[in-house]
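Reproduced below: work11.txt, with compact mmCIF, C-alpha atoms and all ligand atoms.
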```
# COMPACT_ATOMS: atom_id res chain seq x y z
CA MET A 287 -40.66 -27.83 -90.15
CA ASP A 288 -40.30 -26.44 -86.70
CA ARG A 289 -43.35 -27.63 -84.91
CA THR A 290 -44.14 -27.34 -81.26
CA GLU A 291 -43.59 -30.61 -79.48
CA THR A 292 -46.45 -32.16 -77.64
CA LEU A 293 -46.88 -34.56 -74.81
CA ILE A 294 -49.69 -36.39 -76.47
CA GLU A 295 -50.04 -37.03 -80.10
CA ALA A 296 -50.96 -34.04 -82.17
CA ARG A 297 -50.59 -35.40 -85.63
CA PRO A 298 -52.21 -33.17 -88.17
CA PRO A 299 -55.04 -34.76 -90.00
CA ALA A 300 -54.71 -35.22 -93.67
CA GLN A 301 -56.88 -34.63 -96.68
CA VAL A 302 -56.35 -35.48 -100.27
CA GLU A 303 -58.05 -34.83 -103.54
CA LEU A 304 -55.95 -36.98 -105.75
CA THR A 305 -57.78 -37.69 -108.96
CA SER A 306 -55.20 -40.20 -110.09
CA PHE A 307 -56.07 -42.48 -107.17
CA HIS A 308 -59.80 -42.10 -107.64
CA ASP A 309 -59.51 -43.54 -111.13
CA LYS A 310 -58.14 -46.75 -109.75
CA ASP A 311 -60.00 -49.79 -108.58
CA THR A 312 -59.94 -49.50 -104.80
CA SER A 313 -59.23 -53.19 -104.42
CA CYS A 314 -55.91 -52.54 -106.13
CA VAL A 315 -53.60 -52.08 -103.20
CA THR A 316 -49.98 -51.09 -103.48
CA ARG A 317 -47.62 -53.74 -102.21
CA SER A 318 -44.00 -53.60 -101.11
CA PRO A 319 -42.27 -51.25 -103.56
CA ILE A 320 -39.07 -51.50 -101.57
CA ALA A 321 -37.54 -54.57 -100.06
CA ILE A 322 -35.54 -53.75 -96.97
CA GLN A 323 -32.51 -55.93 -96.39
CA LEU A 324 -32.58 -56.22 -92.65
CA SER A 325 -29.22 -57.95 -92.41
CA GLU A 326 -27.51 -54.84 -93.77
CA PRO A 327 -26.48 -51.84 -91.66
CA PHE A 328 -29.37 -49.38 -91.34
CA ALA A 329 -29.66 -47.55 -94.66
CA LEU A 330 -32.77 -46.14 -96.32
CA PRO A 331 -32.50 -45.93 -100.12
CA GLY A 332 -32.57 -42.39 -101.53
CA ILE A 333 -35.50 -41.22 -103.65
CA ASP A 334 -33.80 -40.43 -106.94
CA PRO A 335 -31.84 -42.92 -109.04
CA GLY A 336 -28.21 -42.89 -107.97
CA GLU A 337 -28.98 -40.95 -104.79
CA ARG A 338 -27.09 -41.98 -101.67
CA SER A 339 -28.81 -43.88 -98.87
CA TYR A 340 -29.45 -42.52 -95.38
CA GLY A 341 -28.42 -43.90 -92.01
CA LEU A 342 -29.86 -43.66 -88.56
CA GLU A 343 -27.87 -40.55 -87.57
CA GLU A 344 -29.37 -38.50 -90.40
CA LEU A 345 -32.83 -39.72 -89.49
CA GLN A 346 -32.70 -39.35 -85.72
CA ASN A 347 -30.88 -36.03 -85.59
CA ARG A 348 -33.17 -33.25 -86.80
CA ALA A 349 -30.28 -30.79 -86.91
CA HIS A 350 -28.45 -32.91 -89.48
CA PRO A 351 -28.29 -31.19 -92.91
CA GLU A 352 -29.53 -34.37 -94.61
CA HIS A 353 -32.43 -34.87 -92.20
CA SER A 354 -35.17 -33.82 -94.65
CA CYS A 355 -33.88 -36.21 -97.32
CA ALA A 356 -33.61 -39.01 -94.75
CA THR A 357 -37.22 -38.34 -93.69
CA GLN A 358 -38.40 -38.50 -97.29
CA ALA A 359 -36.55 -41.81 -97.61
CA LEU A 360 -38.36 -43.11 -94.52
CA PHE A 361 -41.82 -42.17 -95.86
CA ARG A 362 -40.93 -43.71 -99.18
CA ALA A 363 -39.69 -46.93 -97.56
CA LEU A 364 -43.04 -47.28 -95.80
CA GLY A 365 -44.99 -46.84 -99.04
CA ALA A 366 -45.53 -43.13 -99.76
CA GLU A 367 -44.81 -41.35 -103.02
CA ILE A 368 -42.46 -38.35 -102.81
CA ARG A 369 -42.98 -35.32 -105.05
CA GLN A 370 -39.79 -33.34 -104.86
CA LYS A 371 -40.04 -29.59 -104.31
CA GLN A 372 -43.82 -29.74 -104.05
CA ASP A 373 -45.89 -28.78 -101.01
CA THR A 374 -48.44 -31.59 -100.72
CA ALA A 375 -50.12 -30.35 -97.52
CA SER A 376 -53.36 -29.71 -99.39
CA PHE A 377 -53.38 -33.37 -100.51
CA LEU A 378 -53.23 -34.67 -96.97
CA LYS A 379 -56.74 -34.14 -95.63
CA ILE A 380 -58.11 -37.49 -96.74
CA TYR A 381 -61.23 -38.29 -94.72
CA PRO A 382 -64.43 -36.51 -95.82
CA VAL A 383 -65.06 -35.34 -92.27
CA HIS A 384 -66.86 -32.11 -93.24
CA GLU A 385 -69.76 -34.03 -94.77
CA ALA A 386 -70.91 -35.26 -91.39
CA PHE A 387 -69.46 -32.69 -88.98
CA GLY A 388 -70.04 -29.48 -90.86
CA THR A 389 -67.42 -26.96 -91.84
CA THR A 390 -67.36 -24.49 -88.96
CA ARG A 391 -65.77 -24.84 -85.57
CA GLN A 392 -69.18 -24.41 -83.91
CA ASP A 393 -70.68 -27.21 -86.03
CA VAL A 394 -67.95 -29.63 -85.05
CA GLU A 395 -67.95 -28.68 -81.37
CA GLN A 396 -71.69 -29.20 -81.19
CA THR A 397 -71.64 -32.53 -83.03
CA LEU A 398 -68.82 -33.80 -80.81
CA CYS A 399 -70.55 -32.56 -77.65
CA ILE A 400 -73.71 -34.57 -78.34
CA TRP A 401 -71.72 -37.73 -79.02
CA LEU A 402 -69.36 -37.35 -76.07
CA THR A 403 -72.24 -36.77 -73.68
CA ARG A 404 -73.85 -39.96 -74.93
CA ILE A 405 -70.72 -42.11 -74.48
CA GLY A 406 -69.63 -40.41 -71.24
CA TRP A 407 -66.25 -39.07 -72.38
CA ARG A 408 -64.84 -35.56 -72.73
CA TYR A 409 -61.78 -33.87 -74.12
CA GLN A 410 -59.46 -31.13 -72.89
CA ILE A 411 -57.06 -29.06 -74.95
CA PHE A 412 -53.36 -28.70 -74.17
CA GLY A 413 -50.46 -26.94 -75.82
CA PRO A 414 -50.24 -23.24 -76.69
CA ASP A 415 -53.27 -21.09 -76.02
CA GLU A 416 -55.13 -19.73 -79.02
CA GLU A 417 -53.23 -16.45 -79.01
CA GLY A 418 -49.95 -18.39 -78.88
CA GLY A 419 -48.94 -16.68 -75.62
CA GLY A 420 -49.09 -19.31 -72.88
CA TRP A 421 -48.80 -23.07 -72.69
CA THR A 422 -50.98 -25.63 -70.95
CA ASN A 423 -49.47 -28.99 -70.02
CA PRO A 424 -51.87 -31.91 -69.77
CA ASP A 425 -52.49 -32.62 -66.11
CA PHE A 426 -52.92 -36.38 -65.98
CA ARG A 427 -53.46 -36.35 -62.21
CA LYS A 428 -56.66 -34.38 -62.69
CA ALA A 429 -57.85 -35.73 -66.02
CA SER A 430 -56.91 -38.96 -67.77
CA TYR A 431 -58.42 -42.12 -69.23
CA GLN A 432 -59.38 -42.95 -65.61
CA THR A 433 -61.69 -39.95 -65.56
CA LYS A 434 -62.77 -40.63 -69.16
CA THR A 435 -60.88 -37.67 -70.56
CA VAL A 436 -58.61 -37.46 -73.59
CA TRP A 437 -56.16 -34.61 -74.14
CA ILE A 438 -56.19 -32.96 -77.56
CA TYR A 439 -53.36 -30.82 -78.86
CA GLN A 440 -54.46 -27.23 -79.58
CA PRO A 441 -56.23 -27.39 -82.97
CA ALA A 442 -55.70 -23.65 -83.47
CA ASP A 443 -51.91 -24.04 -83.60
CA PRO A 444 -51.05 -23.53 -87.28
CA HIS A 445 -47.90 -25.66 -86.87
CA GLY A 446 -49.83 -28.70 -85.75
CA SER A 447 -52.99 -28.39 -87.80
CA PHE A 448 -53.75 -27.94 -91.44
CA ARG A 449 -55.09 -24.47 -90.74
CA ASP A 450 -58.57 -25.91 -90.47
CA TYR A 451 -59.73 -25.89 -86.85
CA ALA A 452 -62.97 -27.75 -87.50
CA TYR A 453 -61.39 -30.61 -89.43
CA THR A 454 -58.47 -30.93 -87.03
CA LEU A 455 -60.73 -31.05 -83.98
CA ALA A 456 -63.04 -33.72 -85.43
CA TRP A 457 -60.08 -35.84 -86.51
CA ARG A 458 -58.19 -35.60 -83.25
CA VAL A 459 -61.08 -36.17 -80.87
CA THR A 460 -62.26 -39.30 -82.68
CA HIS A 461 -58.67 -40.52 -82.98
CA GLU A 462 -57.81 -39.96 -79.33
CA ILE A 463 -61.04 -41.58 -78.12
CA ALA A 464 -60.10 -44.63 -80.22
CA HIS A 465 -56.67 -44.61 -78.53
CA ALA A 466 -58.32 -44.50 -75.12
CA LEU A 467 -60.71 -47.37 -75.88
CA LEU A 468 -57.88 -49.67 -77.01
CA ASN A 469 -55.25 -48.76 -74.43
CA ASP A 470 -55.88 -51.53 -71.90
CA GLY A 471 -55.50 -54.26 -74.51
CA LEU A 472 -52.08 -52.96 -75.53
CA THR A 473 -50.95 -52.72 -71.91
CA ALA A 474 -51.95 -56.34 -71.36
CA ASP A 475 -50.20 -57.57 -74.50
CA TYR A 476 -46.94 -55.68 -73.96
CA GLY A 477 -46.85 -55.59 -70.17
CA ILE A 478 -45.98 -51.89 -70.21
CA VAL A 479 -48.06 -48.73 -70.14
CA GLY A 480 -47.98 -46.45 -73.15
CA ARG A 481 -45.33 -43.81 -73.62
CA ARG A 482 -45.41 -41.45 -76.54
CA LEU A 483 -42.76 -38.87 -75.69
CA GLY A 484 -39.10 -39.55 -76.38
CA ARG A 485 -37.14 -41.34 -79.09
CA LEU A 486 -35.81 -44.83 -79.64
CA GLY A 487 -32.50 -45.54 -77.92
CA GLN A 488 -31.53 -41.88 -77.44
CA LYS A 489 -32.19 -39.31 -74.76
CA LYS A 490 -34.31 -36.41 -75.90
CA VAL A 491 -34.64 -32.93 -74.47
CA TYR A 492 -37.67 -30.91 -75.53
CA ARG A 493 -37.31 -27.16 -75.56
CA ALA A 494 -39.98 -24.85 -76.89
CA ASN A 495 -41.05 -21.30 -76.32
CA GLY A 496 -43.53 -20.81 -73.56
CA ARG A 497 -43.33 -24.28 -72.04
CA PRO A 498 -41.07 -26.02 -69.56
CA THR A 499 -38.05 -27.95 -70.86
CA ILE A 500 -38.59 -31.70 -70.59
CA ALA A 501 -35.85 -34.35 -70.68
CA THR A 502 -36.95 -37.87 -71.56
CA SER A 503 -35.14 -41.17 -71.20
CA PRO A 504 -34.66 -43.24 -74.38
CA LEU A 505 -37.61 -45.23 -75.65
CA THR A 506 -36.96 -48.96 -75.49
CA LEU A 507 -37.77 -51.25 -78.41
CA PRO A 508 -40.83 -52.72 -76.63
CA GLU A 509 -42.10 -49.19 -75.92
CA ALA A 510 -41.58 -48.22 -79.55
CA LEU A 511 -43.30 -51.38 -80.83
CA ARG A 512 -46.19 -50.84 -78.44
CA ALA A 513 -46.64 -47.30 -79.75
CA ILE A 514 -46.68 -48.53 -83.36
CA GLU A 515 -49.11 -51.37 -82.71
CA TRP A 516 -51.35 -48.92 -80.83
CA GLU A 517 -51.57 -46.76 -83.96
CA HIS A 518 -52.12 -49.86 -86.10
CA ARG A 519 -55.08 -50.95 -83.96
CA VAL A 520 -56.51 -47.45 -83.50
CA PHE A 521 -57.01 -46.93 -87.19
CA PRO A 522 -59.92 -49.34 -87.81
CA LYS A 523 -61.41 -48.18 -84.50
CA GLN A 524 -61.35 -44.52 -85.51
CA ARG A 525 -62.87 -45.45 -88.87
CA GLU A 526 -65.63 -47.38 -87.08
CA ILE A 527 -66.36 -44.35 -84.89
CA LEU A 528 -66.44 -41.95 -87.84
CA GLU A 529 -68.65 -44.27 -89.90
CA THR A 530 -71.07 -45.69 -87.36
CA GLU A 531 -71.32 -42.76 -84.92
CA PHE A 532 -71.19 -39.90 -87.40
CA GLY A 533 -72.03 -41.38 -90.80
CA VAL A 534 -68.77 -40.33 -92.45
CA ARG A 535 -68.33 -42.43 -95.57
CA ILE A 536 -64.75 -43.62 -95.95
CA SER A 537 -63.65 -45.67 -98.93
CA GLU A 538 -61.14 -48.48 -98.56
CA GLU A 539 -58.64 -46.44 -100.52
CA GLU A 540 -59.02 -43.37 -98.30
CA PHE A 541 -58.68 -45.58 -95.26
CA LEU A 542 -55.49 -47.21 -96.50
CA ARG A 543 -53.92 -43.89 -97.47
CA GLU A 544 -54.76 -42.31 -94.11
CA ASN A 545 -53.45 -45.41 -92.37
CA LEU A 546 -50.14 -45.22 -94.20
CA LEU A 547 -49.73 -41.52 -93.41
CA ASN A 548 -50.49 -42.07 -89.74
CA MET A 549 -48.20 -45.10 -89.42
CA ALA A 550 -45.32 -43.38 -91.21
CA ASP A 551 -45.67 -40.34 -88.97
CA ALA A 552 -45.81 -42.58 -85.89
CA THR A 553 -42.65 -44.39 -87.01
CA TYR A 554 -40.90 -41.08 -87.57
CA ARG A 555 -42.08 -39.91 -84.14
CA VAL A 556 -40.73 -43.00 -82.38
CA LEU A 557 -37.37 -42.58 -84.12
CA THR A 558 -36.99 -38.83 -83.59
CA GLY A 559 -39.31 -37.79 -80.77
CA HIS A 560 -40.97 -35.24 -83.06
CA PHE A 561 -43.94 -34.99 -85.36
CA SER A 562 -43.21 -34.98 -89.05
CA SER A 563 -44.31 -32.37 -91.60
CA PRO A 564 -45.18 -34.60 -94.54
CA GLY A 565 -46.72 -31.79 -96.60
CA ASP A 566 -43.46 -29.82 -96.61
CA LEU A 567 -41.60 -32.90 -97.84
CA GLY A 568 -43.83 -33.65 -100.82
CA VAL A 569 -45.31 -36.78 -99.24
CA VAL A 570 -48.33 -38.36 -100.94
CA PRO A 571 -49.53 -41.52 -99.14
CA LEU A 572 -50.48 -44.48 -101.35
CA PRO A 573 -53.14 -47.10 -100.49
CA VAL A 574 -50.80 -49.75 -99.13
CA ASN A 575 -52.02 -52.97 -97.52
CA ARG A 576 -52.25 -52.47 -93.75
CA GLU A 577 -50.38 -55.60 -92.75
CA ASP A 578 -47.56 -54.62 -95.10
CA VAL A 579 -47.34 -51.18 -93.51
CA PHE A 580 -47.26 -52.65 -90.01
CA GLY A 581 -44.61 -55.15 -91.06
CA ARG A 582 -42.44 -52.44 -92.60
CA SER A 583 -42.82 -50.05 -89.66
CA THR A 584 -41.95 -52.64 -87.05
CA GLY A 585 -39.21 -54.04 -89.30
CA LEU A 586 -37.62 -50.59 -89.44
CA LEU A 587 -37.77 -50.29 -85.65
CA TRP A 588 -36.11 -53.68 -85.14
CA TRP A 589 -33.49 -52.68 -87.67
CA ALA A 590 -32.82 -49.36 -85.95
CA ALA A 591 -32.77 -51.03 -82.53
CA ARG A 592 -30.11 -53.48 -83.66
CA GLU A 593 -28.05 -50.63 -85.06
CA LEU A 594 -28.34 -48.92 -81.67
CA GLY A 595 -27.35 -52.11 -79.84
CA LEU A 596 -30.73 -52.46 -78.13
CA GLY A 597 -32.00 -55.89 -77.13
CA THR A 598 -35.62 -56.81 -77.12
CA LEU A 599 -35.63 -56.98 -73.34
CA GLN A 600 -33.84 -53.70 -72.87
CA GLY A 601 -35.49 -51.72 -70.13
CA SER A 602 -36.81 -54.79 -68.34
CA GLY A 603 -34.27 -54.71 -65.53
CA LEU A 604 -30.69 -55.07 -64.43
CA GLY A 605 -28.37 -57.71 -65.77
CA LEU A 606 -29.58 -57.75 -69.34
CA ARG A 607 -26.33 -56.41 -70.70
CA HIS A 608 -25.46 -59.60 -72.49
CA ARG A 609 -26.71 -61.24 -75.63
CA ARG A 610 -26.73 -64.94 -76.38
CA VAL A 611 -26.28 -65.57 -80.07
CA SER A 612 -26.81 -68.91 -81.73
CA ILE A 613 -25.49 -69.49 -85.25
CA PRO A 614 -26.13 -72.72 -87.14
CA ILE A 615 -23.59 -73.38 -89.93
CA PRO A 616 -24.38 -76.18 -92.40
CA VAL A 617 -21.61 -78.71 -92.89
CA SER A 618 -22.21 -78.67 -96.66
CA ASP A 619 -22.51 -75.68 -98.98
CA ASN A 620 -25.51 -74.98 -101.22
CA ASN A 621 -24.17 -77.34 -103.89
CA GLY A 622 -23.82 -80.20 -101.43
CA ALA A 623 -20.00 -80.01 -101.22
CA ARG A 624 -18.53 -80.53 -97.79
CA VAL A 625 -17.24 -77.30 -96.21
CA PRO A 626 -13.42 -77.37 -95.84
CA ARG A 627 -12.19 -77.75 -92.29
CA GLU A 628 -10.13 -74.53 -92.46
CA HIS A 629 -13.30 -72.47 -92.94
CA PHE A 630 -14.54 -73.64 -89.56
CA GLY A 631 -11.06 -72.90 -88.19
CA TRP A 632 -11.30 -69.33 -89.49
CA PHE A 633 -14.80 -68.84 -88.07
CA GLU A 634 -13.84 -70.20 -84.66
CA GLY A 635 -10.81 -67.91 -84.56
CA GLU A 636 -13.08 -64.93 -85.26
CA LEU A 637 -15.51 -66.02 -82.52
CA ARG A 638 -12.64 -66.33 -80.03
CA ARG A 639 -11.46 -62.85 -80.96
CA LEU A 640 -14.92 -61.29 -80.75
CA ALA A 641 -16.56 -63.18 -77.91
CA SER A 642 -13.41 -64.63 -76.28
CA GLY A 643 -14.89 -68.11 -76.75
CA PHE A 644 -17.83 -70.18 -77.96
CA ARG A 645 -19.83 -73.32 -77.42
CA LYS A 646 -19.96 -75.73 -80.33
CA HIS A 647 -22.64 -78.37 -80.83
CA HIS A 648 -21.51 -80.91 -83.43
CA ARG A 649 -23.84 -82.43 -85.97
CA VAL A 650 -27.17 -80.98 -85.00
CA LEU A 651 -30.08 -81.88 -87.27
CA GLY A 652 -31.91 -78.92 -88.80
CA SER A 653 -35.17 -79.92 -90.48
CA TRP A 654 -37.83 -77.73 -92.05
CA ASP A 655 -40.65 -77.78 -94.53
CA GLY A 656 -40.34 -74.91 -96.97
CA GLY A 657 -42.54 -76.40 -99.66
CA SER A 658 -40.50 -79.56 -99.65
CA LEU A 659 -39.09 -81.32 -96.64
CA ARG A 660 -35.43 -80.65 -96.07
CA ASP A 661 -33.00 -82.10 -93.55
CA GLU A 662 -29.61 -80.58 -93.04
CA TRP A 663 -26.74 -81.26 -90.67
CA VAL A 664 -25.37 -78.17 -89.02
CA VAL A 665 -22.74 -77.19 -86.51
CA LEU A 666 -24.38 -74.94 -83.93
CA TYR A 667 -22.22 -72.21 -82.39
CA GLU A 668 -23.29 -70.31 -79.30
CA VAL A 669 -21.59 -67.21 -77.98
CA THR A 670 -22.40 -64.71 -75.26
CA ILE A 671 -21.36 -61.15 -76.07
CA GLU A 672 -21.78 -57.63 -74.76
CA ALA A 673 -24.94 -56.02 -76.11
CA GLN A 674 -22.99 -53.39 -78.00
CA GLN A 675 -21.01 -56.08 -79.88
CA THR A 676 -24.14 -57.28 -81.66
CA ARG A 677 -23.41 -55.24 -84.77
CA GLU A 678 -19.90 -56.62 -85.01
CA LEU A 679 -21.25 -60.13 -84.73
CA VAL A 680 -23.82 -59.51 -87.46
CA ALA A 681 -20.98 -58.26 -89.66
CA LEU A 682 -19.01 -61.45 -88.95
CA ALA A 683 -22.03 -63.61 -89.82
CA GLU A 684 -22.35 -61.72 -93.10
CA LYS A 685 -18.70 -62.47 -93.85
CA ALA A 686 -19.27 -66.12 -92.92
CA ARG A 687 -22.18 -66.30 -95.36
CA GLY A 688 -19.66 -65.71 -98.15
CA VAL A 689 -16.98 -67.99 -96.80
CA PHE A 690 -19.38 -70.91 -96.23
CA ARG A 691 -21.14 -70.18 -99.55
CA GLN A 692 -24.60 -69.94 -98.03
CA ASP A 693 -27.53 -68.07 -99.56
CA VAL A 694 -28.71 -67.16 -96.09
CA ILE A 695 -27.38 -67.44 -92.57
CA LEU A 696 -29.60 -67.24 -89.54
CA ILE A 697 -28.53 -65.80 -86.23
CA GLU A 698 -30.79 -65.67 -83.19
CA VAL A 699 -30.15 -63.09 -80.50
CA THR A 700 -31.54 -63.21 -76.97
CA ALA A 701 -30.92 -60.92 -74.00
CA VAL A 702 -29.55 -62.96 -71.11
CA GLU A 703 -28.31 -62.39 -67.61
CA LYS A 704 -24.83 -63.74 -67.02
CA ILE A 705 -23.94 -64.87 -63.52
CA LEU A 706 -20.47 -66.18 -62.62
CA LEU A 707 -20.07 -68.47 -59.62
CA GLY A 708 -16.61 -68.87 -58.13
CA PRO A 709 -14.40 -69.02 -55.05
CA THR A 710 -15.13 -65.42 -54.08
CA GLY A 711 -18.84 -66.04 -53.98
CA PHE A 712 -21.10 -65.02 -56.75
CA GLY A 713 -21.74 -61.85 -58.61
CA ARG A 714 -22.87 -60.58 -61.92
CA SER A 715 -20.10 -60.29 -64.42
CA GLN A 716 -19.39 -56.87 -65.86
ZN ZN B 1 -52.56 -41.94 -82.85
```
I'd like the structure from this file rewritten - as structure tokens, please.
Amino acid sequence: MDRTETLIEARPPAQVELTSFHDKDTSCVTRSPIAIQLSEPFALPGIDPGERSYGLEELQNRAHPEHSCATQALFRALGAEIRQKQDTASFLKIYPVHEAFGTTRQDVEQTLCIWLTRIGWRYQIFGPDEEGGGWTNPDFRKASYQTKTVWIYQPADPHGSFRDYAYTLAWRVTHEIAHALLNDGLTADYGIVGRRLGRLGQKKVYRANGRPTIATSPLTLPEALRAIEWEHRVFPKQREILETEFGVRISEEEFLRENLLNMADATYRVLTGHFSSPGDLGVVPLPVNREDVFGRSTGLLWWAARELGLGTLQGSGLGLRHRRVSIPIPVSDNNGARVPREHFGWFEGELRRLASGFRKHHRVLGSWDGGSLRDEWVVLYEVTIEAQQTRELVALAEKARGVFRQDVILIEVTAVEKILLGPTGFGRSQ
């Protein structure tokens, strides 16, 4: 469980010989075993029937006694099977890398060397030295994507690898080269450079033997989402490299299972700042549809971010401490009966209490086509609240769903800057 932390990704590769999966038709892809109710407070369902659910504290705090169970719940929520009290590490090396690279360290180093020379890239190793005595930090001033170099976490470290230097090296070098080749596209789409150290919404201090202590600022939601989409895009790229450059034959099922394992580990990493140890937790990745996995991973991050009071624009600058929330309330309930006036009175009283006031737009037409065209008259409320009140407002909206007898209620949250103008000049409100 206690693995050395790394500055760049050092996810262990994974290999599986799971006969039960090989019997199946590979086109049969597992879909959404667990529906996550994103309007609820963050809670991952437990594995066993009747088991409690797990919140963000258990998941983000590795010292918490329930952390292992919470981590299992996370992997399960993203589509893995959990085998309690079973070490599944030997099931986690999925790609048949040895076929093309050979089984010894020398074989793999030589195969990689020929390829890297051809494409003009190289790799350097960071982390503990092979004897476990010293520690090398990656020096990005001397070697980075700019100089066509990727940094690979020490494959000889038994904590980070699956005790198979050759396999680990082949997996990591092809994976990190894929990361490098796709990095610019992600930077353009998100408007931020990649960050992989730290955890969502919480400071993180890394302490490990033989290396300097590093304190990191909290990851923002956009940084976390960028990291997850980077993994999502890297996966087909790494497969392409392994198949077309090295002739590794990867089945759709192997690809989907590797993808799930990698995405679940990346989600765990963004939430905790650490690499996971899926083998110790009995994790067996299933061949889940890639878009489903991406949707669940990012859904979990949005869910966690809301729990932490983070806005989507957090980290973009000063003045984004406020959230504008718009809440449309239909004037009739689901059976077409007009909503009693006192219900609106109750809701407005709650908004005054929570947000000290509101803006009310009477009789706004809501129209949508959800299979059949539907028009509905709504009252649209707008409030501006402190970012950290978002949870309270979501709880109020949930209560209102019952009072107004609605199947669903939509609230839209935006980060806004609030500027008050008055006799003393102007200034940002607190
Ligand atoms: Zn990666």
Just want the 7 Å neighbourhood of stretch 459-462 of chain A, counted on all atoms listed in the file, with same-chain residues fewer than 3 positions away dropped. Output as a list in words.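 Counting all atoms listed in the file, the residues come to Val436, Ile438, Leu455, Ala456, His465, Ala466, Gln524 and Ile527 of chain A.
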Extract, using only C-alpha atoms, all DNA, RNA and protein residues at most 12 Å from A:Glu352, discarding same-chain residues fewer than 2 positions from it, and format them as an NGL selection string. :A and (332 or 338-350 or 354-359)
Report as an NGL selection string which protein, DNA and RNA residues come within 12 Å of ligand ZN 1 (chain B), using all atoms listed in the file. :A and (294-299 or 436-439 or 457-466 or 468-469 or 480-482 or 512-524 or 544-545 or 547-553 or 555-556 or 561)
Create the file for the chosen residues now, containing C-alpha atoms and written as a PDB file, in the frame of the given file.
```pdb
ATOM      1  CA  ILE A 294     -49.690 -36.390 -76.470  1.00  0.00           C
ATOM      2  CA  GLU A 295     -50.040 -37.030 -80.100  1.00  0.00           C
ATOM      3  CA  ALA A 296     -50.960 -34.040 -82.170  1.00  0.00           C
ATOM      4  CA  ARG A 297     -50.590 -35.400 -85.630  1.00  0.00           C
ATOM      5  CA  PRO A 298     -52.210 -33.170 -88.170  1.00  0.00           C
ATOM      6  CA  PRO A 299     -55.040 -34.760 -90.000  1.00  0.00           C
ATOM      7  CA  VAL A 436     -58.610 -37.460 -73.590  1.00  0.00           C
ATOM      8  CA  TRP A 437     -56.160 -34.610 -74.140  1.00  0.00           C
ATOM      9  CA  ILE A 438     -56.190 -32.960 -77.560  1.00  0.00           C
ATOM     10  CA  TYR A 439     -53.360 -30.820 -78.860  1.00  0.00           C
ATOM     11  CA  TRP A 457     -60.080 -35.840 -86.510  1.00  0.00           C
ATOM     12  CA  ARG A 458     -58.190 -35.600 -83.250  1.00  0.00           C
ATOM     13  CA  VAL A 459     -61.080 -36.170 -80.870  1.00  0.00           C
ATOM     14  CA  THR A 460     -62.260 -39.300 -82.680  1.00  0.00           C
ATOM     15  CA  HIS A 461     -58.670 -40.520 -82.980  1.00  0.00           C
ATOM     16  CA  GLU A 462     -57.810 -39.960 -79.330  1.00  0.00           C
ATOM     17  CA  ILE A 463     -61.040 -41.580 -78.120  1.00  0.00           C
ATOM     18  CA  ALA A 464     -60.100 -44.630 -80.220  1.00  0.00           C
ATOM     19  CA  HIS A 465     -56.670 -44.610 -78.530  1.00  0.00           C
ATOM     20  CA  ALA A 466     -58.320 -44.500 -75.120  1.00  0.00           C
ATOM     21  CA  LEU A 468     -57.880 -49.670 -77.010  1.00  0.00           C
ATOM     22  CA  ASN A 469     -55.250 -48.760 -74.430  1.00  0.00           C
ATOM     23  CA  GLY A 480     -47.980 -46.450 -73.150  1.00  0.00           C
ATOM     24  CA  ARG A 481     -45.330 -43.810 -73.620  1.00  0.00           C
ATOM     25  CA  ARG A 482     -45.410 -41.450 -76.540  1.00  0.00           C
ATOM     26  CA  ARG A 512     -46.190 -50.840 -78.440  1.00  0.00           C
ATOM     27  CA  ALA A 513     -46.640 -47.300 -79.750  1.00  0.00           C
ATOM     28  CA  ILE A 514     -46.680 -48.530 -83.360  1.00  0.00           C
ATOM     29  CA  GLU A 515     -49.110 -51.370 -82.710  1.00  0.00           C
ATOM     30  CA  TRP A 516     -51.350 -48.920 -80.830  1.00  0.00           C
ATOM     31  CA  GLU A 517     -51.570 -46.760 -83.960  1.00  0.00           C
ATOM     32  CA  HIS A 518     -52.120 -49.860 -86.100  1.00  0.00           C
ATOM     33  CA  ARG A 519     -55.080 -50.950 -83.960  1.00  0.00           C
ATOM     34  CA  VAL A 520     -56.510 -47.450 -83.500  1.00  0.00           C
ATOM     35  CA  PHE A 521     -57.010 -46.930 -87.190  1.00  0.00           C
ATOM     36  CA  PRO A 522     -59.920 -49.340 -87.810  1.00  0.00           C
ATOM     37  CA  LYS A 523     -61.410 -48.180 -84.500  1.00  0.00           C
ATOM     38  CA  GLN A 524     -61.350 -44.520 -85.510  1.00  0.00           C
ATOM     39  CA  GLU A 544     -54.760 -42.310 -94.110  1.00  0.00           C
ATOM     40  CA  ASN A 545     -53.450 -45.410 -92.370  1.00  0.00           C
ATOM     41  CA  LEU A 547     -49.730 -41.520 -93.410  1.00  0.00           C
ATOM     42  CA  ASN A 548     -50.490 -42.070 -89.740  1.00  0.00           C
ATOM     43  CA  MET A 549     -48.200 -45.100 -89.420  1.00  0.00           C
ATOM     44  CA  ALA A 550     -45.320 -43.380 -91.210  1.00  0.00           C
ATOM     45  CA  ASP A 551     -45.670 -40.340 -88.970  1.00  0.00           C
ATOM     46  CA  ALA A 552     -45.810 -42.580 -85.890  1.00  0.00           C
ATOM     47  CA  THR A 553     -42.650 -44.390 -87.010  1.00  0.00           C
ATOM     48  CA  ARG A 555     -42.080 -39.910 -84.140  1.00  0.00           C
ATOM     49  CA  VAL A 556     -40.730 -43.000 -82.380  1.00  0.00           C
ATOM     50  CA  PHE A 561     -43.940 -34.990 -85.360  1.00  0.00           C
TER      51      PHE A 561
END
```
Enclose stretch 375-383 of chain A, meaning all of its atoms listed in the file, in a box aligned along x, y and z, pad it by 4 Å on each side, and list the centre and edge lengths in Å to one decimal, as lines of an AutoDock Vina configuration file.
```
center_x = -57.6
center_y = -34.0
center_z = -96.4
size_x = 22.9
size_y = 16.6
size_z = 16.2
```
